[in-house]
$ cat upload-v2.cif   # mmCIF, C-alpha atoms
data_run
#
loop_
_atom_site.label_atom_id
_atom_site.label_comp_id
_atom_site.auth_asym_id
_atom_site.auth_seq_id
_atom_site.Cartn_x
_atom_site.Cartn_y
_atom_site.Cartn_z
CA MET F 11 3.83 -34.42 186.14
CA THR F 12 5.58 -37.00 184.02
CA SER F 13 8.18 -38.89 186.01
CA SER F 14 11.80 -39.23 185.00
CA GLN F 15 13.37 -42.51 183.92
CA THR F 16 17.00 -43.35 183.29
CA ILE F 17 18.63 -42.34 180.01
CA GLY F 18 20.00 -45.91 179.86
CA PRO F 19 23.23 -46.93 178.12
CA PHE F 20 22.07 -46.69 174.50
CA PHE F 21 21.39 -42.98 173.94
CA HIS F 22 24.48 -42.14 171.88
CA ASN F 23 23.23 -42.54 168.32
CA ALA F 24 20.03 -40.65 169.03
CA LEU F 25 21.67 -37.68 170.70
CA ALA F 26 24.90 -37.52 168.70
CA TRP F 27 23.52 -34.94 166.26
CA ALA F 28 24.12 -32.36 169.02
CA PHE F 29 27.33 -33.75 170.54
CA ASP F 30 29.58 -30.71 170.52
CA PRO F 31 32.43 -29.89 172.92
CA GLY F 32 32.34 -26.20 172.00
CA ALA F 33 34.98 -24.09 170.32
CA GLY F 34 36.10 -21.69 173.05
CA THR F 35 39.61 -21.18 174.34
CA VAL F 36 39.07 -22.45 177.89
CA GLU F 37 39.32 -26.21 178.21
CA LEU F 38 37.22 -27.94 180.87
CA VAL F 39 38.25 -31.55 181.37
CA GLY F 40 37.01 -33.98 183.96
CA ARG F 41 35.46 -37.30 184.75
CA VAL F 42 32.10 -38.57 185.97
CA LEU F 43 32.76 -40.91 188.91
CA ASP F 44 30.55 -43.24 190.94
CA GLY F 45 30.47 -43.85 194.70
CA ASN F 46 33.55 -46.09 194.47
CA ASP F 47 35.46 -43.46 192.48
CA GLN F 48 35.10 -45.64 189.41
CA PRO F 49 34.60 -43.94 186.04
CA VAL F 50 31.08 -43.77 184.65
CA SER F 51 31.69 -44.54 181.00
CA ASP F 52 28.11 -44.18 179.80
CA ALA F 53 27.12 -40.79 181.15
CA MET F 54 26.09 -37.73 179.18
CA VAL F 55 27.10 -34.25 180.27
CA GLU F 56 25.14 -31.25 179.01
CA LEU F 57 26.23 -27.74 179.78
CA TRP F 58 25.59 -24.23 178.81
CA ALA F 59 27.83 -21.25 179.12
CA ASP F 60 27.50 -17.67 177.99
CA GLY F 61 28.75 -17.36 174.45
CA ALA F 62 28.80 -21.08 173.66
CA THR F 63 26.50 -21.51 170.70
CA GLY F 64 26.44 -25.28 170.33
CA ARG F 65 25.75 -27.25 167.19
CA ASP F 66 23.66 -25.29 164.67
CA GLY F 67 23.02 -22.59 167.27
CA PHE F 68 21.39 -25.08 169.62
CA GLY F 69 22.71 -23.14 172.64
CA LEU F 70 23.70 -26.23 174.57
CA LEU F 71 26.94 -28.20 174.53
CA ARG F 72 26.85 -31.90 175.22
CA GLN F 73 29.24 -34.81 175.23
CA PRO F 74 29.07 -38.45 176.26
CA THR F 75 31.76 -39.63 178.66
CA ASP F 76 34.39 -41.96 177.23
CA GLU F 77 35.63 -45.34 178.49
CA ALA F 78 37.59 -43.57 181.25
CA GLY F 79 34.54 -41.55 182.28
CA LYS F 80 36.17 -38.45 180.79
CA PHE F 81 34.60 -35.44 179.15
CA THR F 82 36.22 -32.43 177.48
CA PHE F 83 34.63 -29.09 176.66
CA ARG F 84 36.03 -25.92 175.12
CA LEU F 85 34.29 -22.97 176.70
CA PRO F 86 34.38 -19.22 176.24
CA THR F 87 36.33 -17.24 178.82
CA PRO F 88 33.90 -16.77 181.72
CA SER F 89 32.75 -13.30 182.68
CA PRO F 90 33.86 -12.08 186.11
CA GLY F 91 31.51 -13.42 188.76
CA ALA F 92 30.07 -16.09 186.50
CA PRO F 93 30.44 -19.85 186.53
CA LEU F 94 32.35 -21.63 183.80
CA ALA F 95 29.14 -23.44 182.96
CA HIS F 96 25.84 -24.73 184.22
CA VAL F 97 25.84 -28.50 184.00
CA CYS F 98 23.40 -31.39 183.83
CA VAL F 99 24.44 -35.04 183.98
CA PHE F 100 22.54 -38.15 182.92
CA ALA F 101 23.60 -41.81 183.18
CA ARG F 102 22.47 -45.39 183.29
CA GLY F 103 21.81 -46.06 186.95
CA CYS F 104 20.53 -42.51 187.44
CA PHE F 105 16.75 -42.34 187.45
CA ASN F 106 16.97 -38.56 187.38
CA GLN F 107 19.10 -35.90 185.74
CA HIS F 108 21.32 -33.97 188.09
CA PHE F 109 21.76 -30.21 187.77
CA THR F 110 24.95 -28.61 188.98
CA ALA F 111 27.46 -25.91 188.03
CA VAL F 112 31.21 -25.47 187.79
CA PHE F 113 33.06 -22.30 188.82
CA PRO F 114 36.58 -21.23 187.81
CA HIS F 115 37.46 -20.30 191.39
CA THR F 116 35.76 -19.67 194.73
CA MET F 117 33.65 -16.54 194.52
CA SER F 118 30.54 -14.98 195.91
CA HIS F 119 27.70 -16.24 193.77
CA ARG F 120 24.16 -17.13 194.80
CA LEU F 121 24.52 -20.70 193.57
CA LEU F 122 27.79 -21.27 195.39
CA ASP F 123 26.48 -19.55 198.48
CA ALA F 124 23.44 -21.84 198.46
CA ALA F 125 25.66 -24.91 198.74
CA PRO F 126 26.69 -26.06 202.22
CA ALA F 127 30.09 -24.53 202.96
CA ALA F 128 31.73 -27.89 203.54
CA ARG F 129 30.69 -29.11 200.08
CA ARG F 130 31.17 -25.89 198.11
CA SER F 131 34.54 -26.98 196.77
CA THR F 132 32.81 -29.70 194.74
CA LEU F 133 31.60 -26.92 192.45
CA VAL F 134 35.00 -25.31 191.91
CA ALA F 135 37.35 -26.52 189.20
CA ILE F 136 41.11 -26.88 189.61
CA LYS F 137 42.87 -24.30 187.50
CA GLU F 138 45.68 -26.09 185.69
CA SER F 139 46.60 -23.13 183.51
CA GLU F 140 45.09 -19.90 182.24
CA THR F 141 43.15 -21.88 179.67
CA ARG F 142 42.63 -25.27 181.28
CA TYR F 143 40.42 -26.32 184.18
CA GLN F 144 39.93 -29.78 185.65
CA TRP F 145 36.71 -30.78 187.42
CA ASP F 146 35.41 -34.21 188.40
CA LEU F 147 31.70 -34.76 188.86
CA ARG F 148 31.03 -37.29 191.61
CA LEU F 149 27.59 -38.87 191.68
CA GLN F 150 28.11 -40.25 195.17
CA GLY F 151 30.69 -40.58 197.93
CA PRO F 152 32.42 -38.37 200.50
CA SER F 153 33.06 -35.71 197.85
CA GLU F 154 29.66 -36.02 196.19
CA THR F 155 29.05 -33.06 193.89
CA VAL F 156 26.39 -30.62 195.03
CA PHE F 157 23.26 -31.00 192.91
CA PHE F 158 20.55 -28.40 192.67
CA GLU F 159 16.81 -28.50 192.43
CA TYR F 160 15.02 -25.54 190.86
CA GLU F 161 12.06 -23.90 192.47
CA MET U 27 7.52 -19.01 185.40
CA ARG U 28 7.19 -20.94 188.63
CA PHE U 29 8.39 -24.36 189.71
CA HIS U 30 6.62 -26.22 192.43
CA PRO U 31 8.08 -29.19 194.27
CA LEU U 32 7.52 -32.51 192.58
CA GLY U 33 4.56 -34.47 193.86
CA LEU U 34 5.16 -37.09 196.49
CA GLY U 35 6.21 -40.30 194.81
CA GLU U 36 6.54 -38.78 191.34
CA ARG U 37 10.30 -38.75 191.36
CA PRO U 38 12.13 -42.07 191.60
CA ASN U 39 14.42 -42.38 194.58
CA ASP U 40 17.99 -41.91 193.44
CA ILE U 41 18.97 -45.16 195.13
CA HIS U 42 16.53 -48.00 194.48
CA PRO U 43 18.19 -51.30 195.42
CA PRO U 44 16.18 -53.47 192.97
CA TYR U 45 17.78 -51.41 190.14
CA LYS U 46 21.30 -52.39 191.03
CA SER U 47 23.33 -49.75 189.23
CA THR U 48 21.64 -47.02 191.28
CA GLY U 49 23.60 -48.33 194.27
CA LEU U 50 26.80 -46.47 193.44
CA ARG U 51 25.39 -43.87 191.05
CA GLY U 52 22.55 -42.40 193.06
CA PRO U 53 23.49 -39.27 195.03
CA ARG U 54 22.93 -39.60 198.78
CA GLU U 55 22.94 -35.91 199.67
CA PRO U 56 19.72 -33.91 199.37
CA ARG U 57 19.38 -31.58 196.41
CA ILE U 58 19.94 -27.91 197.22
CA LEU U 59 16.91 -25.78 196.40
CA VAL U 60 17.73 -22.72 194.32
CA ARG U 61 15.62 -20.21 192.46
CA HIS U 62 15.47 -21.36 188.86
CA GLU U 63 15.94 -17.77 187.65
CA LEU U 64 19.53 -18.07 188.77
CA VAL U 65 20.38 -20.46 186.01
CA ALA U 66 17.53 -21.92 184.12
CA THR U 67 15.52 -19.18 182.52
CA ARG U 68 17.07 -19.81 179.19
CA GLY U 69 16.02 -22.58 176.91
CA VAL U 70 17.73 -24.24 174.05
CA ASP U 71 17.20 -22.62 170.72
CA ALA U 72 16.31 -25.47 168.47
CA PRO U 73 15.73 -24.02 165.03
CA ARG U 74 13.71 -26.20 162.73
CA ALA U 75 16.81 -26.33 160.54
CA ILE U 76 18.18 -29.02 162.86
CA LEU U 77 15.40 -31.33 161.75
CA ARG U 78 16.29 -33.65 158.92
CA ALA U 79 14.07 -35.45 156.45
CA ASN U 80 12.41 -38.45 158.08
CA ASP U 81 13.48 -37.47 161.60
CA SER U 82 9.87 -38.13 162.63
CA ASP U 83 9.47 -41.29 160.56
CA LEU U 84 11.72 -43.96 162.04
CA THR U 85 10.38 -46.47 159.51
CA ALA U 86 11.92 -44.51 156.63
CA HIS U 87 15.63 -44.82 157.48
CA GLY U 88 16.42 -47.86 155.36
CA SER U 89 15.88 -49.14 151.85
CA SER U 90 12.61 -50.79 152.84
CA GLN U 91 10.22 -51.09 155.78
CA PRO U 92 11.72 -52.30 159.05
CA GLN U 93 10.51 -55.51 160.64
CA GLY U 94 7.75 -55.25 163.18
CA GLN U 95 4.41 -53.65 163.92
CA ALA U 96 4.19 -50.15 162.43
CA ILE U 97 2.83 -47.65 164.95
CA THR U 98 2.16 -43.94 165.28
CA VAL U 99 2.92 -42.30 168.62
CA ALA U 100 1.26 -38.94 169.22
CA GLY U 101 0.51 -36.70 172.14
CA ARG U 102 0.85 -33.30 173.70
CA VAL U 103 3.57 -31.76 175.80
CA LEU U 104 2.04 -29.61 178.52
CA ASP U 105 3.18 -27.69 181.55
CA GLU U 106 1.68 -28.10 185.01
CA ASP U 107 -1.09 -25.66 184.12
CA GLY U 108 -2.06 -27.78 181.16
CA SER U 109 -0.75 -25.11 178.80
CA PRO U 110 0.97 -26.33 175.65
CA VAL U 111 4.76 -26.40 175.59
CA ARG U 112 5.22 -24.99 172.12
CA ASP U 113 8.00 -25.30 169.56
CA SER U 114 9.99 -27.51 171.85
CA LEU U 115 12.46 -30.18 170.82
CA VAL U 116 11.77 -33.86 171.53
CA GLU U 117 14.30 -36.64 170.87
CA VAL U 118 13.33 -40.32 170.86
CA TRP U 119 15.20 -43.62 170.65
CA GLN U 120 14.34 -47.29 170.96
CA CYS U 121 15.36 -50.84 170.13
CA ASN U 122 14.03 -52.72 167.10
CA ALA U 123 11.15 -55.18 166.99
CA ALA U 124 13.43 -57.99 168.15
CA GLY U 125 14.64 -56.07 171.19
CA ARG U 126 18.05 -54.99 169.87
CA TYR U 127 19.41 -51.45 169.77
CA ALA U 128 21.46 -50.39 166.78
CA HIS U 129 24.23 -49.51 169.25
CA SER U 130 27.77 -50.86 169.43
CA LYS U 131 27.43 -51.66 173.14
CA ASP U 132 24.23 -53.70 172.84
CA ASN U 133 25.35 -57.34 172.94
CA HIS U 134 21.87 -58.89 173.01
CA GLU U 135 21.92 -61.67 170.42
CA ALA U 136 18.62 -60.67 168.82
CA PRO U 137 19.07 -59.66 165.16
CA LEU U 138 19.80 -56.13 164.03
CA ASP U 139 17.46 -54.74 161.38
CA PRO U 140 19.34 -52.93 158.59
CA ASN U 141 16.21 -50.87 157.97
CA PHE U 142 15.85 -49.59 161.51
CA LEU U 143 18.19 -47.14 163.23
CA GLY U 144 15.79 -46.46 166.08
CA HIS U 145 16.10 -42.75 166.70
CA GLY U 146 14.42 -39.51 165.71
CA LYS U 147 13.59 -35.96 166.75
CA PHE U 148 10.87 -33.41 166.17
CA MET U 149 9.35 -30.21 167.51
CA THR U 150 6.05 -29.75 169.27
CA ASP U 151 3.61 -27.52 167.37
CA HIS U 152 1.67 -24.48 168.57
CA ASP U 153 -0.68 -26.73 170.59
CA GLY U 154 2.22 -28.69 172.09
CA ARG U 155 1.39 -31.64 169.83
CA TYR U 156 3.87 -34.09 168.38
CA ARG U 157 3.54 -37.18 166.23
CA PHE U 158 6.02 -39.71 164.92
CA LYS U 159 5.98 -43.01 163.12
CA THR U 160 7.99 -46.02 164.18
CA ILE U 161 7.67 -49.74 164.92
CA LYS U 162 6.74 -51.22 168.26
CA PRO U 163 9.98 -51.99 170.13
CA GLY U 164 10.53 -55.47 171.53
CA ALA U 165 11.24 -56.45 175.09
CA TYR U 166 14.85 -57.36 175.82
CA PRO U 167 16.84 -59.09 178.54
CA TRP U 168 19.34 -57.20 180.69
CA GLY U 169 21.79 -58.15 183.39
CA ASN U 170 20.17 -56.57 186.42
CA HIS U 171 19.03 -59.87 187.92
CA GLU U 172 18.27 -63.43 186.87
CA ASN U 173 15.80 -63.50 183.95
CA ALA U 174 15.45 -59.71 183.91
CA TRP U 175 13.57 -58.27 180.90
CA ARG U 176 12.75 -54.66 180.16
CA PRO U 177 9.15 -54.00 179.16
CA ALA U 178 8.87 -52.53 175.65
CA HIS U 179 9.62 -48.81 175.83
CA ILE U 180 10.61 -45.74 173.84
CA HIS U 181 13.07 -43.25 175.36
CA PHE U 182 12.02 -39.58 175.28
CA SER U 183 14.27 -36.55 175.80
CA LEU U 184 12.45 -33.24 176.20
CA PHE U 185 13.77 -29.70 176.54
CA GLY U 186 10.63 -27.73 177.36
CA ASN U 187 10.88 -23.97 176.98
CA VAL U 188 13.45 -23.42 179.71
CA TYR U 189 16.19 -25.75 180.80
CA ALA U 190 14.72 -26.35 184.26
CA GLN U 191 11.96 -28.28 182.49
CA ARG U 192 14.40 -30.79 181.00
CA LEU U 193 13.07 -34.33 181.20
CA VAL U 194 14.37 -37.70 180.05
CA THR U 195 11.89 -40.51 180.47
CA GLN U 196 10.51 -43.69 178.91
CA MET U 197 7.12 -44.40 177.36
CA TYR U 198 5.64 -47.84 177.88
CA PHE U 199 2.84 -49.77 176.14
CA PRO U 200 -0.51 -50.84 177.61
CA ASP U 201 -0.90 -54.16 179.39
CA ASP U 202 2.76 -55.18 179.35
CA PRO U 203 3.11 -58.37 181.42
CA LEU U 204 6.64 -57.32 182.41
CA PHE U 205 5.56 -54.28 184.46
CA PRO U 206 5.47 -56.05 187.85
CA PHE U 207 9.05 -57.27 187.38
CA ASP U 208 10.78 -54.15 186.07
CA PRO U 209 12.78 -52.21 188.68
CA ILE U 210 13.11 -49.17 186.43
CA PHE U 211 9.36 -48.76 185.90
CA ASN U 212 8.75 -49.58 189.56
CA GLY U 213 11.41 -47.14 190.68
CA ILE U 214 8.66 -44.51 190.59
CA PRO U 215 7.08 -44.84 194.04
CA ASP U 216 3.59 -43.61 193.16
CA GLY U 217 1.38 -46.03 191.23
CA ALA U 218 -0.58 -43.30 189.47
CA ALA U 219 2.68 -41.67 188.36
CA ARG U 220 3.83 -45.03 186.95
CA GLU U 221 0.56 -45.34 185.03
CA ARG U 222 1.19 -41.96 183.44
CA LEU U 223 4.23 -43.42 181.65
CA ILE U 224 2.01 -45.97 179.90
CA SER U 225 0.72 -44.85 176.52
CA ARG U 226 -2.84 -45.71 175.60
CA PHE U 227 -4.07 -47.34 172.42
CA SER U 228 -5.90 -44.89 170.17
CA LEU U 229 -8.14 -45.85 167.30
CA ASP U 230 -8.08 -42.19 166.25
CA GLU U 231 -4.31 -42.35 165.75
CA THR U 232 -4.56 -45.77 164.09
CA VAL U 233 -4.14 -45.49 160.32
CA SER U 234 -6.41 -47.85 158.45
CA GLY U 235 -4.46 -50.64 156.82
CA THR U 236 -1.12 -49.20 157.95
CA SER U 237 -0.29 -48.69 161.62
CA LEU U 238 -1.63 -48.83 165.16
CA GLY U 239 -1.86 -45.62 167.15
CA PHE U 240 -0.71 -44.85 170.69
CA VAL U 241 -1.13 -41.61 172.62
CA PHE U 242 1.38 -40.40 175.20
CA ASP U 243 0.89 -37.00 176.83
CA ILE U 244 3.77 -35.51 178.79
CA VAL U 245 3.58 -32.95 181.57
CA LEU U 246 6.77 -31.00 182.27
CA ARG U 247 7.55 -29.11 185.44
CA GLY U 248 6.68 -25.46 185.66
CA ARG U 249 3.64 -23.25 185.52
CA GLY U 250 3.31 -20.44 183.06
CA ALA U 251 5.83 -22.25 180.89
CA THR U 252 4.87 -20.65 177.63
CA PRO U 253 6.91 -17.47 177.36
CA MET U 254 5.13 -14.25 176.54
CA GLY U 255 4.83 -13.67 172.84
CA VAL U 256 5.49 -17.24 171.77
#
$ encode --input "upload-v2.cif" --output "structure tokens"
Amino acid sequence: MTSSQTIGPFFHNALAWAFDPGAGTVELVGRVLDGNDQPVSDAMVELWADGATGRDGFGLLRQPTDEAGKFTFRLPTPSPGAPLAHVCVFARGCFNQHFTAVFPHTMSHRLLDAAPAARRSTLVAIKESETRYQWDLRLQGPSETVFFEYE
Amino acid sequence: MRFHPLGLGERPNDIHPPYKSTGLRGPREPRILVRHELVATRGVDAPRAILRANDSDLTAHGSSQPQGQAITVAGRVLDEDGSPVRDSLVEVWQCNAAGRYAHSKDNHEAPLDPNFLGHGKFMTDHDGRYRFKTIKPGAYPWGNHENAWRPAHIHFSLFGNVYAQRLVTQMYFPDDPLFPFDPIFNGIPDGAARERLISRFSLDETVSGTSLGFVFDIVLRGRGATPMGV
């Protein structure tokens, strides 16, 4: 297989054609943070959610993080029992992409259940209002986000 | 579709001290194995309408030819069975011949080239083949350690047919003297896996009087990747 290499810091112009935060009514805001809780200002977050069409029907939403490590997406209202979105993060300093997911609340779901109980909360967003969720993605540290590998 | 574990040494360790920024950005916890059907059976739907004129000719983005050695890069995108990954989006980006990205954050003092933006995209064909035209990127210094230089490379972003095949990587050029010193290239533990990121010179892809040819084949994760009916 072909090995992964870092996306590096200079991907923006090449990938911007598909930068799209989505147009749904549910806002997902958060930050990508490193092992010292410092913002990662040159990450890219890709996600897909049921009903989010993406640029030109691409099917995928993606956004670079800003100077504060922040990202914002506007997602469709999730179906009962479904995550807000499936997520993949890339960054300079990451050799590999990292797959994860974000849920609107704790629920029984095979992905959540697969995560160690003590770390499950890293996959659950904070509900700030009916239409706004906050979720930080931590690449490392005591609250490191659970990342998945597909088999 | 099935996904087998990556081969030993094919995946870079998330924390590789010689590449300093992995120190705080590499996860320390093991990945949690999940069935890919849970999440990743869908692929992106990249209609050819997203492709723009000259997306696969990076030498045609200015008012005249960019500086540097014109090259063609071609290859096939395959799954682990060697089957073609068809109709699949590939994005590429690179610095110019002097080693400078047309990017606001690149502060390398090498000159920008007004005729070179350094990015493109294209789809694989029915045989998984792709081909694009560009110029050979330069090497450039970076701040990882004293006198650190990246070997010349082109960034590739691939979507495969389902999202679990997603791959972002870098293609290198044969016989680069910087290989032994580059912690990103050497972050791949297995030597044979590192070699697979090096394109090979191809006289067949060389266009007489115009451009040199390089071939870079890419193998994505997954067996039986080509969906029925595609």
$ residues_around --input "upload-v2.cif" --residues "F:Arg148" --least-positions-apart "3" --cutoff "9 Å" --atoms "all atoms listed in the file" --output "VMD selection string"
(chain F and resid 41 to 45 47 132 151 153 to 156) or (chain U and resid 51 53)
$ interface_residues --input "upload-v2.cif" --of "chain F" --to "chain U" --cutoff "6 Å" --atoms "all atoms listed in the file" --output "MDAnalysis selection string"
chainID F and resid 11:15 24 44:45 68:69 103:104 149:150 157:161
$ write_last_selection --input "upload-v2.cif" --atoms "C-alpha atoms" --output "PDB file, in the coordinates of the input"
ATOM      1  CA  MET F  11       3.830 -34.420 186.140  1.00  0.00           C
ATOM      2  CA  THR F  12       5.580 -37.000 184.020  1.00  0.00           C
ATOM      3  CA  SER F  13       8.180 -38.890 186.010  1.00  0.00           C
ATOM      4  CA  SER F  14      11.800 -39.230 185.000  1.00  0.00           C
ATOM      5  CA  GLN F  15      13.370 -42.510 183.920  1.00  0.00           C
ATOM      6  CA  ALA F  24      20.030 -40.650 169.030  1.00  0.00           C
ATOM      7  CA  ASP F  44      30.550 -43.240 190.940  1.00  0.00           C
ATOM      8  CA  GLY F  45      30.470 -43.850 194.700  1.00  0.00           C
ATOM      9  CA  PHE F  68      21.390 -25.080 169.620  1.00  0.00           C
ATOM     10  CA  GLY F  69      22.710 -23.140 172.640  1.00  0.00           C
ATOM     11  CA  GLY F 103      21.810 -46.060 186.950  1.00  0.00           C
ATOM     12  CA  CYS F 104      20.530 -42.510 187.440  1.00  0.00           C
ATOM     13  CA  LEU F 149      27.590 -38.870 191.680  1.00  0.00           C
ATOM     14  CA  GLN F 150      28.110 -40.250 195.170  1.00  0.00           C
ATOM     15  CA  PHE F 157      23.260 -31.000 192.910  1.00  0.00           C
ATOM     16  CA  PHE F 158      20.550 -28.400 192.670  1.00  0.00           C
ATOM     17  CA  GLU F 159      16.810 -28.500 192.430  1.00  0.00           C
ATOM     18  CA  TYR F 160      15.020 -25.540 190.860  1.00  0.00           C
ATOM     19  CA  GLU F 161      12.060 -23.900 192.470  1.00  0.00           C
TER      20      GLU F 161
END
$ atom_distance --input "upload-v2.cif" --atom1 "atom CA of U:Tyr156" --atom2 "atom CA of U:His87"
19.3 Å
$ atom_distance --input "upload-v2.cif" --atom1 "atom CA of F:Thr116" --atom2 "atom CA of F:Arg129"
12.0 Å
$ resolve_selection --input "upload-v2.cif" --expression "the PyMOL selection byres ((chain U and resi 99) around 12)" --output "number ranges by chain"
U: 82-84, 96-98, 100-102, 118, 155-162, 179-180, 182, 197-199, 224-233, 237-243
$ closest_residue --input "upload-v2.cif" --among "F:Gly61, F:Pro19, F:Pro152, F:Gly79" --to "F:Gly40" --atoms "all atoms listed in the file"
F:Gly79
$ closest_residue --input "upload-v2.cif" --among "F:Ala78, F:Ala95, F:Val39, F:Ala33" --to "F:Leu57" --atoms "all atoms listed in the file"
F:Ala95
$ resolve_selection --input "upload-v2.cif" --expression "the PyMOL selection byres ((chain U and resi 115) around 8)" --output "PyMOL selection string"
chain U and resi 72+113-114+116-117+147-150+184-186
$ residues_around --input "upload-v2.cif" --residues "F:Pro86" --least-positions-apart "2" --cutoff "12 Å" --atoms "all atoms listed in the file" --output "number ranges by chain"
F: 31-38, 58-64, 71, 83-84, 88-89, 92-95, 114, 141-142
$ write_last_selection --input "upload-v2.cif" --atoms "C-alpha atoms" --output "short mmCIF file (atom, residue, chain, number, x, y, z; two decimals), keeping the file's coordinate frame"
data_model
loop_
_atom_site.label_atom_id
_atom_site.label_comp_id
_atom_site.auth_asym_id
_atom_site.auth_seq_id
_atom_site.Cartn_x
_atom_site.Cartn_y
_atom_site.Cartn_z
CA PRO F 31 32.43 -29.89 172.92
CA GLY F 32 32.34 -26.20 172.00
CA ALA F 33 34.98 -24.09 170.32
CA GLY F 34 36.10 -21.69 173.05
CA THR F 35 39.61 -21.18 174.34
CA VAL F 36 39.07 -22.45 177.89
CA GLU F 37 39.32 -26.21 178.21
CA LEU F 38 37.22 -27.94 180.87
CA TRP F 58 25.59 -24.23 178.81
CA ALA F 59 27.83 -21.25 179.12
CA ASP F 60 27.50 -17.67 177.99
CA GLY F 61 28.75 -17.36 174.45
CA ALA F 62 28.80 -21.08 173.66
CA THR F 63 26.50 -21.51 170.70
CA GLY F 64 26.44 -25.28 170.33
CA LEU F 71 26.94 -28.20 174.53
CA PHE F 83 34.63 -29.09 176.66
CA ARG F 84 36.03 -25.92 175.12
CA PRO F 88 33.90 -16.77 181.72
CA SER F 89 32.75 -13.30 182.68
CA ALA F 92 30.07 -16.09 186.50
CA PRO F 93 30.44 -19.85 186.53
CA LEU F 94 32.35 -21.63 183.80
CA ALA F 95 29.14 -23.44 182.96
CA PRO F 114 36.58 -21.23 187.81
CA THR F 141 43.15 -21.88 179.67
CA ARG F 142 42.63 -25.27 181.28
#
$ atom_distance --input "upload-v2.cif" --atom1 "atom CA of F:Pro74" --atom2 "atom CA of U:Arg126"
20.9 Å
$ resolve_selection --input "upload-v2.cif" --expression "the PyMOL selection byres ((chain F and resi 135-140) around 7)" --output "list in words"
Val112, Phe113, Pro114, His115, Leu133, Val134, Thr141, Arg142, Tyr143, Gln144 and Trp145 of chain F
$ closest_residue --input "upload-v2.cif" --among "U:Gly217, U:Ala86, U:Pro209, U:Leu138" --to "U:Trp175" --atoms "only C-alpha atoms"
U:Pro209
$ residues_around --input "upload-v2.cif" --residues "U:Ala174" --least-positions-apart "2" --cutoff "12 Å" --atoms "only C-alpha atoms" --output "list in words"
Pro44, Tyr45, Lys46, Ala165, Tyr166, Pro167, Trp168, Gly169, Asn170, His171, Glu172, Arg176, Pro177, Leu204, Phe205, Pro206, Phe207, Asp208, Pro209 and Ile210 of chain U
$ closest_residue --input "upload-v2.cif" --among "F:Gln48, F:Thr16, F:Thr75, F:Thr110" --to "F:Ala125" --atoms "only C-alpha atoms"
F:Thr110
$ axis_aligned_box --input "upload-v2.cif" --around "stretch 143-155 of chain U" --padding-each-side "3 Å" --output "JSON"
{"center_x": 8.8, "center_y": -35.8, "center_z": 167.7, "size_x": 24.9, "size_y": 28.7, "size_z": 14.9}
$ closest_residue --input "upload-v2.cif" --among "U:Phe142, U:Gly125, U:Gly154, U:Ala136" --to "U:Ala178" --atoms "only C-alpha atoms"
U:Gly125
